[in-house]
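Accompanying notes for the structure given below.
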Number of protein chains: 2
Amino acid sequence: MTAKVLQIIRRAKLPLSKAELAEETGVSLSAISVHVERLLEEKLIEVSKIGVSSGGRKPRQYALNKNIGLILSIELGTSFVHIALTNFNCEILYLTTSDIDITDGPDRVLTRIHELVDQMLLENKVDKVSIKGIGIGIPGPVDFSMGIPISPTIMPGWDKYPIREFWSKYFDCPCYVDNDVNTMALGEHAKGLQFEVSNLIYVKVGSGIGSGIIYDGVLYRGSTGSAGDIGHFDIGSDVVCWCGNKGCLEASAGGKAIVSKGKERALSHRSEYLLQILNSRGKLTIDDIGTGVLQLDSTSVALVRESGTSIGRVIASIVNFANPDLVVIGGRVAEFGDIFLAAIRQSVYQRSLPLATRNLIINKSVLGNMAGLIGGAFMTIDQIIIQSTDNEADIILK
Amino acid sequence: MTAKVLQIIRRAKLPLSKAELAEETGVSLSAISVHVERLLEEKLIEVSKIGVSSGGRKPRQYALNKNIGLILSIELGTSFVHIALTNFNCEILYLTTSDIDITDGPDRVLTRIHELVDQMLLENKVDKVSIKGIGIGIPGPVDFSMGIPISPTIMPGWDKYPIREFWSKYFDCPCYVDNDVNTMALGEHAKGLQFEVSNLIYVKVGSGIGSGIIYDGVLYRGSTGSAGDIGHFDIGSDVVCWCGNKGCLEASAGGKAIVSKGKERALSHRSEYLLQILNSRGKLTIDDIGTGVLQLDSTSVALVRESGTSIGRVIASIVNFANPDLVVIGGRVAEFGDIFLAAIRQSVYQRSLPLATRNLIINKSVLGNMAGLIGGAFMTIDQIIIQSTDNEADIILK
């Protein structure tokens, strides 16, 4: 119950009094006092200074002590890594980014990341001991309880690799591994939207396409932790996907598919703009398409719009099924301007049922490309608190 | 908290001791005693007789008093109504069924149902006062908090009709209205499966196609109560749906679509079996197709298999997205034999991702066509208990 009280304080928009905590938990005021005193003693919460100056008989209110320690949050992409140190309110204090190639395999990639972390700690004079937890988001399916990737197609060599154990060699704190879209959904919900929404689907459109699901304010992982996979929804096309099936969304509308279509159209002289890039650099990237949209290259615009339309058709189905308050569009392609979002919205409003779209909002991510790092920190703190509920007698943070 | 204790006792497979209740709720043993005593006093629970004969020091255990009152559970179809009286353990004590035509509109249909209820009470010598709640499942979208249908396409005249108020004229107890597939999912989960599964999708294949969602052991309704709508998933076909879009699942694979295809094939002499029925009776029904399957009429078999394949493709997407433990197939078409289930399974295992199907089970409903009535009773008791949490001082049942 101490951990539950901490969770409530942590998720509250304003500091809470003991009476408010008693009401929220349904336990007596005297029981709440015991938990609050313990949390104060462990410095996990503090007496809020807000409103004290107004004087009078106002009861004491409690808020999270965000400076109790640091969280190391790592977001791994196929070609980059973001590394952040955050406080316990998930605010990013230090940030570093580097190119990596995920196909180099776990040993080389994680060793490189560890070097970057070491350097970051040194440069900012941060003591290792102040790090209380490590959270890592990876671009593939994860067995969350074990902290291992499960057959991640775009991460060759990473299947079942014990990421958690790698970090335990260097840090004396827990490490949690999650799918990157789950951490993005968590970050957006907790910090981008301050928990104001109950049911949210976060759709990431990067090389591939995935989603993270918040139901009734809580991340939903599904039975084996793979919930949110929308990349292989059947859109009825003839395109063959890497998974072996035909018609998968990702094979037609993901970043990789956009680039490959762009190359095709460039070579058939339908975009002199893209052909020029292709000829001068020998390859096209998704960012070239993004620049093409800004330059109003009609082929780039058409590619992004086509992708949005297909994704919108799938989101329409999801909206019918999950009836969320909010669909958040994130990932690299979401940053290519309003054309993409408009195409998605148009598809959804055309295909979803009126009752499901009555209050529906479809928006770009508030946190942008920081959602994953912030959410990774949030997830890690969540787990630290949840783990400690299993053993109430233990101190929550060593 | 009293209501919470009651919910835990009600959902437990075996009677519980105070110590077990304290552990489950996280409140002290003395606090639990207060709640248990109150529930005993109100006769909502009773001391269990199980295990008493084994003697010794075994602590007292508590179970739901299933005979505290009756629930009137009504399931409305497009052409039938099922009416049941259940006890507080959702066991059906009395059952009656009648043909109705839902297009007669709410006044005529509900008046007819009220007559049937009156007759049922009279015949079984049941006193109205013993009915503590009324639960109604209807084949359309429902604003659950208001208890009104919202633009239910197959229920002309019912839009926003105050069903709850209709019953309040005759009964002095609360009435709750829900979508029929939601009540089926609840019934299957609570009583068919004894809560053994956390994440369940109940797919009903009747005239139309819909689903009910249980996440983490709780019915998920979505933001506006329309969650679970899979009838308008885009399967990429050219068939125009009544909703105005092309390619909706329901337009190709629902019972109505099966019948209309059956008629077409009969008239083009591809099934002498169906043509004979069509000629002799002037029309075909979904049950004729069902009989055709039993008689091994190859066209009927093909129709049911085609439907299963299409539905399976959509369920594959849902399995990827929601990653459930179990998909339950219910509704009239599910009763047409194993061909239908086999076609669904084949589609799902072909198209869903390995991690999502690792532990997945796809089965026919355990409760069959009683799922809705049993679930309607379960939902009603749930609501009675939840409503009473809002006002702890009140006695839960008047």
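Numbering starts fresh at 1 for the residues of each chain in the structure tokens, the chains themselves are lettered A, B, ... in the order given, and ligands are numbered from 1 as they appear.
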List the neighbours of Tyr94 in chain B out to 12 Å using only C-alpha atoms; skip same-chain residues closer than 4 positions along the sequence, and give me the result as a list in words.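 Listed by chain and then number, they are Leu70, Ile71, Leu72, Ser73, Ile74, His82, Ile83, Ala84, Leu85, Thr86, Asn87, Cys90, Val117, Gln119, Met120, Leu121, Leu122, Glu123, Asn124, Lys125, Val126, Leu373 and Ile374 of chain B.
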Which of range 95-137 of chain A fall in strand (DSSP E), as a ChimeraX atom specification: /A:95-99,131-137
Considering only C-alpha atoms, return as a ChimeraX atom specification whatever protein or nucleic-acid residues lie within 9 Å of Pro139 in chain B, sequence-local ones (same chain, fewer than 5 positions apart) excluded. /B:75-78,152,154-155,178-181
Any idea what's packed within 9 Å of Leu367 in chain B, counting only C-alpha atoms, ignoring anything in its chain fewer than 3 positions away? Could you give it as a ChimeraX atom specification? /B:184,187-188,191-192,330,364,370-372,374
Quick one: everything within 8 Å of Leu341 in chain B, counting only C-alpha atoms, minus sequence neighbours fewer than 5 positions away in the same chain. Send it as a VMD selection string. chain B and resid 308 329 334 363 to 364
Could you please tell me, as a PyMOL selection string, which residues of chain B have an atom within 7 Å of chain A when using only C-alpha atoms? chain B and resi 1+26-27+199+222-224+226-230+233+235-236+245+317+320-325+351+355-356
So which residues touch range 9-11 of chain A within 12 Å, counting only C-alpha atoms, skipping near sequence neighbours fewer than 3 positions away, as a count of residues only? 45
List as a list in words the protein and nucleic acid residues near Lys261 in chain B, meaning an atom at most 8 Å away when only C-alpha atoms are counted, but skip any in the same chain fewer than 4 places from it. Ala257, Arg265 and Leu303 of chain B
Any chance you can output those residues with N, CA and C atoms as a JSON list (two decimals), in the first residue's frame?
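Saved as result-v5.json:
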[["chain", "number", "residue", "atom", "x", "y", "z"],
["B", 257, "ALA", "N", -25.18, -11.37, -45.16],
["B", 257, "ALA", "CA", -24.41, -11.49, -46.40],
["B", 257, "ALA", "C", -24.37, -12.94, -46.88],
["B", 265, "ARG", "N", -26.51, -17.84, -55.37],
["B", 265, "ARG", "CA", -25.97, -19.10, -55.89],
["B", 265, "ARG", "C", -27.07, -20.12, -56.17],
["B", 303, "LEU", "N", -20.03, -21.37, -48.45],
["B", 303, "LEU", "CA", -20.43, -20.06, -47.93],
["B", 303, "LEU", "C", -19.94, -19.85, -46.51]]
Counting only C-alpha atoms, which residue out of A:Phe340, A:Asp107, A:Ile315, A:Ser268 sits closest to Ala302 in chain A?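 When distances to Ala302 in chain A are compared using only C-alpha atoms, the smallest one comes from A:Phe340.
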Interatomic distance, CA of Ser207 in chain A to CA of Ala251 in chain A (Å, one decimal):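 CA of Ala251 in chain A lies 10.0 Å from CA of Ser207 in chain A.
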In Å, how far is it from CA of Arg305 in chain B to CA of Arg332 in chain B? 14.6 Å
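Of note, CA of Val366 in chain B and CA of Val328 in chain B are spaced 8.5 Å apart.
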May I ask which of the residues A:Gly331, A:Gly368, A:Gly337, A:Gly254 is the closest one to Val301 in chain A, counting only C-alpha atoms? A:Gly337
If you run DSSP on the backbone, which residues of range 181-349 of chain B are alpha helix (DSSP H), as a PyMOL selection string? chain B and resi 181-187+249-253+255-267+272-281+286-294+298-322+338-349
